[in-house]
$ cat final.cif   # mmCIF, C-alpha atoms (C1' of nucleotides)
data_work
loop_
_atom_site.label_atom_id
_atom_site.label_comp_id
_atom_site.auth_asym_id
_atom_site.auth_seq_id
_atom_site.Cartn_x
_atom_site.Cartn_y
_atom_site.Cartn_z
CA MET T 1444 2.81 29.74 8.31
CA VAL T 1445 0.32 26.92 8.60
CA PHE T 1446 2.51 24.30 6.99
CA LYS T 1447 5.45 24.15 9.35
CA ASP T 1448 3.89 21.14 11.08
CA TYR T 1449 3.34 19.25 7.86
CA LYS T 1450 5.73 17.36 5.67
CA ILE T 1451 5.28 16.57 2.04
CA LYS T 1452 6.32 13.12 1.03
CA SER T 1453 6.55 11.41 -2.30
CA ARG T 1454 7.07 8.07 -3.81
CA ILE T 1455 8.06 7.47 -7.38
CA TRP T 1456 8.24 4.30 -9.35
CA ILE T 1457 8.65 3.20 -12.92
CA ASP T 1458 6.20 0.81 -14.50
CA GLY T 1459 7.09 -1.54 -17.32
CA LYS T 1460 5.14 -4.08 -19.29
CA GLN T 1461 5.28 -6.64 -16.51
CA GLY T 1462 4.15 -4.25 -13.78
CA THR T 1463 6.40 -2.39 -11.40
CA PHE T 1464 9.92 -2.12 -12.76
CA LEU T 1465 11.85 0.14 -10.42
CA ALA T 1466 10.81 1.32 -6.98
CA GLU T 1467 12.38 2.19 -3.67
CA GLY T 1468 12.42 -1.29 -2.18
CA ARG T 1469 13.79 -2.85 -5.33
CA ILE T 1470 16.65 -0.38 -5.46
CA ALA T 1471 17.50 -1.11 -1.85
CA LEU T 1472 17.44 -4.80 -2.65
CA LEU T 1473 19.81 -4.36 -5.56
CA LYS T 1474 22.22 -2.49 -3.34
CA GLU T 1475 22.18 -5.24 -0.75
CA ILE T 1476 22.84 -7.80 -3.45
CA ILE T 1477 25.89 -5.82 -4.54
CA VAL T 1478 27.21 -6.08 -1.00
CA SER T 1479 26.47 -9.74 -0.33
CA GLY T 1480 26.38 -11.29 -3.78
CA SER T 1481 23.34 -13.28 -2.76
CA ILE T 1482 19.57 -12.87 -2.91
CA SER T 1483 19.01 -14.83 0.28
CA ALA T 1484 21.58 -12.83 2.24
CA ALA T 1485 20.18 -9.56 0.91
CA ALA T 1486 16.65 -10.60 1.83
CA LYS T 1487 17.72 -11.57 5.32
CA GLN T 1488 19.52 -8.26 5.73
CA MET T 1489 16.34 -6.43 4.76
CA ASN T 1490 14.08 -8.58 6.95
CA MET T 1491 12.31 -9.71 3.82
CA SER T 1492 11.33 -13.22 2.81
CA TYR T 1493 13.45 -14.83 0.17
CA LYS T 1494 10.36 -15.40 -1.92
CA LYS T 1495 9.44 -11.76 -2.03
CA ALA T 1496 12.98 -10.75 -2.88
CA TRP T 1497 13.13 -13.34 -5.61
CA GLU T 1498 9.86 -12.16 -7.09
CA MET T 1499 11.05 -8.56 -7.10
CA ILE T 1500 14.27 -9.53 -8.82
CA ASN T 1501 12.41 -11.68 -11.28
CA THR T 1502 9.91 -9.04 -12.39
CA MET T 1503 12.68 -6.49 -12.58
CA ASN T 1504 14.70 -8.68 -14.85
CA LYS T 1505 11.71 -9.53 -17.01
CA SER T 1506 10.76 -5.88 -17.36
CA ALA T 1507 14.27 -4.80 -18.27
CA GLU T 1508 15.64 -4.98 -21.79
CA GLN T 1509 18.95 -6.09 -20.37
CA PRO T 1510 19.02 -8.04 -17.10
CA LEU T 1511 19.83 -6.08 -13.98
CA VAL T 1512 21.19 -9.12 -12.21
CA VAL T 1513 22.62 -12.47 -13.24
CA ARG T 1514 21.76 -15.42 -11.08
CA VAL T 1515 23.71 -18.65 -10.76
CA SER T 1516 22.08 -21.67 -9.20
CA GLY T 1517 24.33 -24.42 -7.90
CA GLY T 1518 28.07 -24.67 -8.15
CA ALA T 1519 30.78 -23.83 -5.69
CA GLY T 1520 29.27 -22.16 -2.67
CA GLY T 1521 25.80 -22.94 -3.93
CA GLY T 1522 25.72 -20.14 -6.45
CA GLY T 1523 25.02 -16.43 -6.13
CA THR T 1524 23.70 -13.30 -7.76
CA GLN T 1525 25.53 -10.40 -9.34
CA VAL T 1526 24.24 -6.95 -10.22
CA THR T 1527 25.10 -6.03 -13.80
CA ASP T 1528 26.36 -2.71 -15.14
CA GLU T 1529 22.83 -2.10 -16.37
CA GLY T 1530 21.65 -2.64 -12.80
CA LEU T 1531 24.13 -0.09 -11.51
CA LYS T 1532 22.91 2.40 -14.08
CA MET T 1533 19.31 1.86 -13.03
CA ILE T 1534 20.19 2.42 -9.38
CA GLN T 1535 21.86 5.72 -10.21
CA LEU T 1536 19.00 6.78 -12.43
CA PHE T 1537 16.32 6.05 -9.91
CA GLU T 1538 18.05 7.62 -6.96
CA LYS T 1539 18.87 10.73 -8.92
CA LEU T 1540 15.27 11.09 -10.03
CA ASN T 1541 13.93 10.41 -6.57
CA LYS T 1542 16.17 13.00 -4.97
CA LYS T 1543 15.25 15.57 -7.57
CA CYS T 1544 11.57 14.96 -6.98
CA GLN T 1545 11.90 15.50 -3.24
CA VAL T 1546 13.87 18.68 -3.71
CA TYR T 1547 11.35 19.96 -6.20
CA LEU T 1548 8.37 19.29 -3.97
CA ASP T 1549 9.95 20.93 -0.96
CA LYS T 1550 10.74 23.94 -3.09
CA GLU T 1551 7.21 24.12 -4.44
CA LEU T 1552 5.70 24.03 -0.98
CA GLU T 1553 8.10 26.72 0.11
CA LYS T 1554 7.20 28.79 -2.93
CA ILE T 1555 3.53 28.66 -2.09
CA PHE T 1556 3.70 29.11 1.66
CA GLY T 1557 7.16 30.63 2.19
CA MET O 570 15.36 5.24 -26.67
CA VAL O 571 15.09 2.55 -24.05
CA PHE O 572 12.46 4.27 -21.98
CA LYS O 573 9.58 4.55 -24.37
CA ASP O 574 8.05 1.41 -22.89
CA TYR O 575 8.27 2.69 -19.34
CA LYS O 576 6.17 5.17 -17.47
CA ILE O 577 7.19 7.11 -14.43
CA LYS O 578 4.55 7.40 -11.77
CA SER O 579 4.40 9.26 -8.52
CA ARG O 580 2.38 9.57 -5.44
CA ILE O 581 2.53 12.44 -3.04
CA TRP O 582 0.99 12.90 0.34
CA ILE O 583 1.20 15.23 3.26
CA ASP O 584 1.80 13.94 6.75
CA GLY O 585 0.63 15.72 9.87
CA LYS O 586 0.93 15.01 13.55
CA GLN O 587 -1.82 12.39 13.47
CA GLY O 588 -0.43 10.54 10.48
CA THR O 589 -1.53 10.96 6.90
CA PHE O 590 -3.24 14.27 6.37
CA LEU O 591 -3.84 14.65 2.65
CA ALA O 592 -3.57 11.98 0.01
CA GLU O 593 -5.17 11.04 -3.26
CA GLY O 594 -8.04 8.99 -1.86
CA ARG O 595 -8.91 11.58 0.74
CA ILE O 596 -9.08 14.30 -1.86
CA ALA O 597 -11.39 12.18 -3.98
CA LEU O 598 -13.55 11.60 -0.94
CA LEU O 599 -13.78 15.30 -0.21
CA LYS O 600 -14.88 15.94 -3.76
CA GLU O 601 -17.61 13.33 -3.55
CA ILE O 602 -18.81 14.88 -0.32
CA ILE O 603 -19.10 18.23 -2.05
CA VAL O 604 -21.37 16.64 -4.63
CA SER O 605 -23.56 14.61 -2.31
CA GLY O 606 -23.37 16.48 0.98
CA SER O 607 -23.10 13.18 2.78
CA ILE O 608 -20.33 10.86 3.94
CA SER O 609 -22.42 7.77 3.44
CA ALA O 610 -23.42 8.71 -0.10
CA ALA O 611 -19.84 9.62 -0.96
CA ALA O 612 -18.56 6.35 0.41
CA LYS O 613 -21.14 4.39 -1.54
CA GLN O 614 -20.24 6.26 -4.70
CA MET O 615 -16.59 5.33 -4.19
CA ASN O 616 -17.35 1.70 -3.29
CA MET O 617 -15.89 2.37 0.11
CA SER O 618 -17.22 1.34 3.49
CA TYR O 619 -18.77 4.08 5.54
CA LYS O 620 -16.42 3.22 8.35
CA LYS O 621 -13.32 3.77 6.27
CA ALA O 622 -14.63 7.02 4.86
CA TRP O 623 -15.52 8.21 8.31
CA GLU O 624 -12.05 7.36 9.62
CA MET O 625 -10.40 9.22 6.76
CA ILE O 626 -12.52 12.27 7.38
CA ASN O 627 -11.89 12.08 11.08
CA THR O 628 -8.09 11.93 10.88
CA MET O 629 -8.09 14.67 8.28
CA ASN O 630 -10.09 16.93 10.52
CA LYS O 631 -7.95 16.13 13.53
CA SER O 632 -4.75 16.85 11.60
CA ALA O 633 -6.02 20.12 10.22
CA GLU O 634 -5.81 23.36 12.13
CA GLN O 635 -9.19 24.29 10.78
CA PRO O 636 -11.70 21.54 9.98
CA LEU O 637 -11.99 20.55 6.34
CA VAL O 638 -15.55 19.36 6.79
CA VAL O 639 -18.38 20.07 9.17
CA ARG O 640 -20.59 17.18 10.10
CA VAL O 641 -24.14 17.44 11.34
CA SER O 642 -25.79 14.48 12.97
CA GLY O 643 -29.58 14.43 13.18
CA GLY O 644 -31.99 17.10 12.06
CA ALA O 645 -33.93 17.50 8.87
CA GLY O 646 -32.94 14.76 6.45
CA GLY O 647 -30.90 13.09 9.13
CA GLY O 648 -27.99 15.43 8.89
CA GLY O 649 -25.11 15.70 6.45
CA THR O 650 -21.57 16.81 5.85
CA GLN O 651 -20.24 19.96 4.25
CA VAL O 652 -16.77 20.70 2.96
CA THR O 653 -15.47 23.97 4.34
CA ASP O 654 -13.59 26.70 2.51
CA GLU O 655 -10.46 25.35 4.13
CA GLY O 656 -11.31 21.99 2.63
CA LEU O 657 -11.68 23.52 -0.80
CA LYS O 658 -8.32 25.21 -0.43
CA MET O 659 -6.69 21.93 0.52
CA ILE O 660 -8.17 20.20 -2.51
CA GLN O 661 -6.81 22.86 -4.80
CA LEU O 662 -3.43 22.84 -3.11
CA PHE O 663 -3.02 19.11 -3.29
CA GLU O 664 -4.16 18.71 -6.86
CA LYS O 665 -1.97 21.57 -8.00
CA LEU O 666 1.03 20.09 -6.31
CA ASN O 667 0.28 16.63 -7.61
CA LYS O 668 -0.06 17.83 -11.15
CA LYS O 669 3.12 19.82 -10.94
CA CYS O 670 4.99 16.82 -9.63
CA GLN O 671 3.85 14.66 -12.52
CA VAL O 672 4.79 17.28 -15.08
CA TYR O 673 8.16 17.75 -13.49
CA LEU O 674 8.97 14.04 -13.45
CA ASP O 675 7.95 13.55 -17.05
CA LYS O 676 10.12 16.48 -18.01
CA GLU O 677 13.06 15.13 -16.08
CA LEU O 678 12.83 11.76 -17.74
CA GLU O 679 12.60 13.46 -21.11
CA LYS O 680 15.60 15.60 -20.27
CA ILE O 681 17.69 12.57 -19.49
CA PHE O 682 16.54 10.27 -22.27
CA GLY O 683 15.06 12.67 -24.82
"C1'" DA V 233 -43.39 11.83 20.53
"C1'" DT V 234 -42.85 9.72 15.93
"C1'" DT V 235 -40.48 9.75 11.72
"C1'" DC V 236 -36.55 10.28 8.92
"C1'" DG V 237 -31.77 9.59 7.01
"C1'" DT V 238 -27.68 10.66 8.59
"C1'" DT V 239 -23.58 10.34 11.75
"C1'" DG V 240 -21.17 7.51 14.96
"C1'" DT V 241 -19.66 2.99 17.16
"C1'" DA V 242 -19.05 -1.81 17.87
"C1'" DT V 243 -18.81 -6.50 16.48
"C1'" DC V 244 -18.20 -10.23 13.58
"C1'" DA V 245 -17.15 -12.49 9.08
"C1'" DT V 246 -14.57 -12.55 4.97
"C1'" DT V 247 -11.21 -11.77 1.89
"C1'" DT V 248 -6.63 -10.59 0.88
"C1'" DA V 249 -1.83 -10.12 1.56
"C1'" DA V 250 2.20 -11.22 3.74
"C1'" DA V 251 5.12 -14.29 6.20
"C1'" DA V 252 6.90 -18.74 7.20
"C1'" DA V 253 8.06 -23.23 6.34
"C1'" DA V 254 9.12 -27.13 3.68
"C1'" DT V 255 11.07 -29.14 -0.48
"C1'" DA V 256 13.21 -29.55 -4.92
"C1'" DA V 257 16.81 -28.25 -8.30
"C1'" DC V 258 21.24 -26.86 -9.28
"C1'" DG V 259 26.29 -27.76 -10.31
"C1'" DA V 260 31.28 -26.90 -9.15
"C1'" DT V 261 34.28 -29.28 -6.06
"C1'" DG V 262 36.75 -32.64 -3.54
"C1'" DC J 783 28.83 -39.33 -6.10
"C1'" DA J 784 28.18 -36.90 -1.67
"C1'" DT J 785 28.44 -32.29 0.05
"C1'" DC J 786 27.46 -27.60 0.18
"C1'" DG J 787 24.81 -23.18 0.14
"C1'" DT J 788 22.44 -21.02 -3.04
"C1'" DT J 789 18.50 -20.40 -6.32
"C1'" DA J 790 13.81 -21.77 -7.36
"C1'" DT J 791 9.04 -23.52 -6.22
"C1'" DT J 792 5.22 -25.10 -3.60
"C1'" DT J 793 2.53 -25.37 0.37
"C1'" DT J 794 0.99 -23.94 4.76
"C1'" DT J 795 0.24 -20.67 8.26
"C1'" DT J 796 -0.45 -16.22 10.08
"C1'" DA J 797 -1.63 -11.45 10.16
"C1'" DA J 798 -3.88 -7.54 8.48
"C1'" DA J 799 -6.90 -5.08 5.80
"C1'" DT J 800 -11.48 -5.04 4.25
"C1'" DG J 801 -16.53 -5.77 4.21
"C1'" DA J 802 -20.77 -6.56 6.19
"C1'" DT J 803 -23.95 -6.08 9.65
"C1'" DA J 804 -26.35 -4.25 13.37
"C1'" DC J 805 -27.66 -0.69 16.31
"C1'" DA J 806 -27.45 3.60 19.19
"C1'" DA J 807 -27.47 8.76 18.94
"C1'" DC J 808 -28.87 12.75 16.91
"C1'" DG J 809 -32.25 16.64 16.18
"C1'" DA J 810 -35.26 19.30 12.94
"C1'" DA J 811 -39.84 18.65 11.11
"C1'" DT J 812 -44.31 17.24 11.13
#

$ encode --input "final.cif" --output "structure tokens"
Amino acid sequence: MVFKDYKIKSRIWIDGKQGTFLAEGRIALLKEIIVSGSISAAAKQMNMSYKKAWEMINTMNKSAEQPLVVRVSGGAGGGGTQVTDEGLKMIQLFEKLNKKCQVYLDKELEKIFG
Amino acid sequence: MVFKDYKIKSRIWIDGKQGTFLAEGRIALLKEIIVSGSISAAAKQMNMSYKKAWEMINTMNKSAEQPLVVRVSGGAGGGGTQVTDEGLKMIQLFEKLNKKCQVYLDKELEKIFG
DNA sequence: ATTCGTTGTATCATTTAAAAAATAACGATG
DNA sequence: CATCGTTATTTTTTAAATGATACAACGAAT
């Protein structure tokens, strides 16, 4: 069994017209936004610059037919960001697909070298 | 059908003790080496620096139980590099797995949104 | 022992990407 | 209309990956 010391890893993402639509980091970002209700707080939590987080959110929203988040600038508390139902659906979709892919690959490797 | 404008993409790789063992670029490099019998020629063909190609080859060989390439320095023609049978097996394994992964993901997306 | 083209190694320059910082815009609220 | 913390944008700085260059080591062949 040569392959016991090796691990197979995978990364999936979904491309749209504007470039990358969904990927691991973006999903994590969405989940942090759900918790904090703020891009800046989510970015800080993830040790990511606000700019990068904003750009991710922006391209995601542009790529999506329906926005994944709604952003409010100004107002009481300065504003904030909410993940939409569409956003929740995308999170579930991506994570389900990602998990399935991992399981499949592990099984394939096992099938070949088991 | 919301997803007709989106494409799912994937990337797989195999990690060993020394870090990345097999990945897309390394497989392509191996294949170029088969053609040319030389690291430097393969690197040039791929628009890659010799140094980077050499480092890839080196970590691959260190991670493998049996070397994927044998390198000869000096001699008639200056030397050269040959891909071993083990190397050929790894190429086949990786490409097979990669292809299967793509097919699987496309099928999964179709199953959900078809 | 000279030649050859390759592998192998080190150094420096350049380009690119990421991070950080600074600033403006926003708008409900008191 | 001043305040607040957020979103949004621009600029600057830093770090990292990449590229280029140069040169030593190698060893069969002539």

$ closest_atom_pairs --input "final.cif" --of "chain J" --to "chain O" --cutoff "7 Å" --atoms "all atoms listed in the file" --output "Markdown table"
| residue | atom | partner | partner_atom | distance |
| --- | --- | --- | --- | --- |
| J:DC808 | C1' | O:Gly643 | CA | 4.2 |
| J:DG809 | C1' | O:Gly644 | CA | 4.2 |
| J:DA810 | C1' | O:Gly644 | CA | 4.0 |
| J:DA811 | C1' | O:Ala645 | CA | 6.4 |

$ write_last_selection --input "final.cif" --atoms "C-alpha atoms (C1' of nucleotides)" --output "PDB file, keeping the file's coordinate frame"
ATOM      1  C1'  DC J 808     -28.870  12.750  16.910  1.00  0.00           C
ATOM      2  C1'  DG J 809     -32.250  16.640  16.180  1.00  0.00           C
ATOM      3  C1'  DA J 810     -35.260  19.300  12.940  1.00  0.00           C
ATOM      4  C1'  DA J 811     -39.840  18.650  11.110  1.00  0.00           C
TER       5       DA J 811
END

$ residues_around --input "final.cif" --residues "range 669-674 of chain O" --least-positions-apart "3" --cutoff "8 Å" --atoms "all atoms listed in the file" --output "list in words"
Leu1540, Cys1544, Tyr1547 and Leu1548 of chain T; Ile577, Lys578, Ser579, Lys665, Leu666, Glu677 and Leu678 of chain O

$ write_last_selection --input "final.cif" --atoms "C-alpha atoms" --output "compact mmCIF listing (two decimals), keeping the file's coordinate frame"
# COMPACT_ATOMS: atom_id res chain seq x y z
CA LEU T 1540 15.27 11.09 -10.03
CA CYS T 1544 11.57 14.96 -6.98
CA TYR T 1547 11.35 19.96 -6.20
CA LEU T 1548 8.37 19.29 -3.97
CA ILE O 577 7.19 7.11 -14.43
CA LYS O 578 4.55 7.40 -11.77
CA SER O 579 4.40 9.26 -8.52
CA LYS O 665 -1.97 21.57 -8.00
CA LEU O 666 1.03 20.09 -6.31
CA GLU O 677 13.06 15.13 -16.08
CA LEU O 678 12.83 11.76 -17.74

$ interface_residues --input "final.cif" --of "chain O" --to "chain T" --cutoff "7 Å" --atoms "only C-alpha atoms" --output "ChimeraX atom specification"
/O:574-585

$ interface_residues --input "final.cif" --of "chain V" --to "chain O" --cutoff "12 Å" --atoms "all atoms listed in the file" --output "count of residues only"
8

$ atom_distance --input "final.cif" --atom1 "CA of Val1513 in chain T" --atom2 "CA of Val1526 in chain T"
6.5 Å

$ resolve_selection --input "final.cif" --expression "the PyMOL selection byres ((chain V and resi 243) around 12)" --output "PDB file with C-alpha atoms (C1' of nucleotides), keeping the file's coordinate frame"
ATOM      1  C1'  DT V 241     -19.660   2.990  17.160  1.00  0.00           C
ATOM      2  C1'  DA V 242     -19.050  -1.810  17.870  1.00  0.00           C
ATOM      3  C1'  DC V 244     -18.200 -10.230  13.580  1.00  0.00           C
ATOM      4  C1'  DA V 245     -17.150 -12.490   9.080  1.00  0.00           C
TER       5       DA V 245
ATOM      6  C1'  DA J 802     -20.770  -6.560   6.190  1.00  0.00           C
ATOM      7  C1'  DT J 803     -23.950  -6.080   9.650  1.00  0.00           C
ATOM      8  C1'  DA J 804     -26.350  -4.250  13.370  1.00  0.00           C
ATOM      9  C1'  DC J 805     -27.660  -0.690  16.310  1.00  0.00           C
TER      10       DC J 805
END

$ residues_near_point --input "final.cif" --point "(3.7, -32.4, -1.4)" --cutoff "9 Å" --atoms "only C-alpha atoms (C1' of nucleotides)" --output "list of chain:residue names"
V:DT255, J:DT792, J:DT793

$ atom_distance --input "final.cif" --atom1 "C1' of DA797 in chain J" --atom2 "CA of Lys1474 in chain T"
28.8 Å

$ residues_around --input "final.cif" --residues "Glu1538 in chain T" --least-positions-apart "5" --cutoff "9 Å" --atoms "all atoms listed in the file" --output "short mmCIF file (atom, residue, chain, number, x, y, z; two decimals) with C-alpha atoms, in the coordinates of the input"
data_model
loop_
_atom_site.label_atom_id
_atom_site.label_comp_id
_atom_site.auth_asym_id
_atom_site.auth_seq_id
_atom_site.Cartn_x
_atom_site.Cartn_y
_atom_site.Cartn_z
CA GLU T 1467 12.38 2.19 -3.67
CA ILE T 1470 16.65 -0.38 -5.46
CA MET T 1533 19.31 1.86 -13.03
CA LYS T 1543 15.25 15.57 -7.57
#

$ atom_distance --input "final.cif" --atom1 "CA of Glu1498 in chain T" --atom2 "CA of Leu1531 in chain T"
19.2 Å

$ residues_near_point --input "final.cif" --point "(22.4, -6.9, -15.6)" --cutoff "8 Å" --atoms "all atoms listed in the file" --output "list in words"
Asn1504, Gln1509, Pro1510, Leu1511, Val1512, Val1513, Gln1525, Val1526, Thr1527, Asp1528, Glu1529 and Gly1530 of chain T

$ write_last_selection --input "final.cif" --atoms "C-alpha atoms" --output "PDB file, in the frame of the given file"
ATOM      1  CA  ASN T1504      14.700  -8.680 -14.850  1.00  0.00           C
ATOM      2  CA  GLN T1509      18.950  -6.090 -20.370  1.00  0.00           C
ATOM      3  CA  PRO T1510      19.020  -8.040 -17.100  1.00  0.00           C
ATOM      4  CA  LEU T1511      19.830  -6.080 -13.980  1.00  0.00           C
ATOM      5  CA  VAL T1512      21.190  -9.120 -12.210  1.00  0.00           C
ATOM      6  CA  VAL T1513      22.620 -12.470 -13.240  1.00  0.00           C
ATOM      7  CA  GLN T1525      25.530 -10.400  -9.340  1.00  0.00           C
ATOM      8  CA  VAL T1526      24.240  -6.950 -10.220  1.00  0.00           C
ATOM      9  CA  THR T1527      25.100  -6.030 -13.800  1.00  0.00           C
ATOM     10  CA  ASP T1528      26.360  -2.710 -15.140  1.00  0.00           C
ATOM     11  CA  GLU T1529      22.830  -2.100 -16.370  1.00  0.00           C
ATOM     12  CA  GLY T1530      21.650  -2.640 -12.800  1.00  0.00           C
TER      13      GLY T1530
END

$ resolve_selection --input "final.cif" --expression "the PyMOL selection byres ((chain J and resi 799) around 8)" --output "list in words"
DT248 of chain V; DA798 and DT800 of chain J

$ axis_aligned_box --input "final.cif" --around "range 1546-1550 of chain T" --padding-each-side "3 Å" --output "JSON"
{"center_x": 11.1, "center_y": 21.3, "center_z": -3.6, "size_x": 11.5, "size_y": 11.3, "size_z": 11.2}

$ closest_residue --input "final.cif" --among "T:Arg1469, T:Lys1542, T:Ile1477, T:Lys1532" --to "Met1503 in chain T" --atoms "all atoms listed in the file"
T:Arg1469

$ resolve_selection --input "final.cif" --expression "the PyMOL selection byres ((chain V and resi 252) around 8)" --output "compact mmCIF listing (two decimals) with C-alpha atoms (C1' of nucleotides), in the coordinates of the input"
# COMPACT_ATOMS: atom_id res chain seq x y z
C1' DA V 251 5.12 -14.29 6.20
C1' DA V 253 8.06 -23.23 6.34
C1' DT J 795 0.24 -20.67 8.26
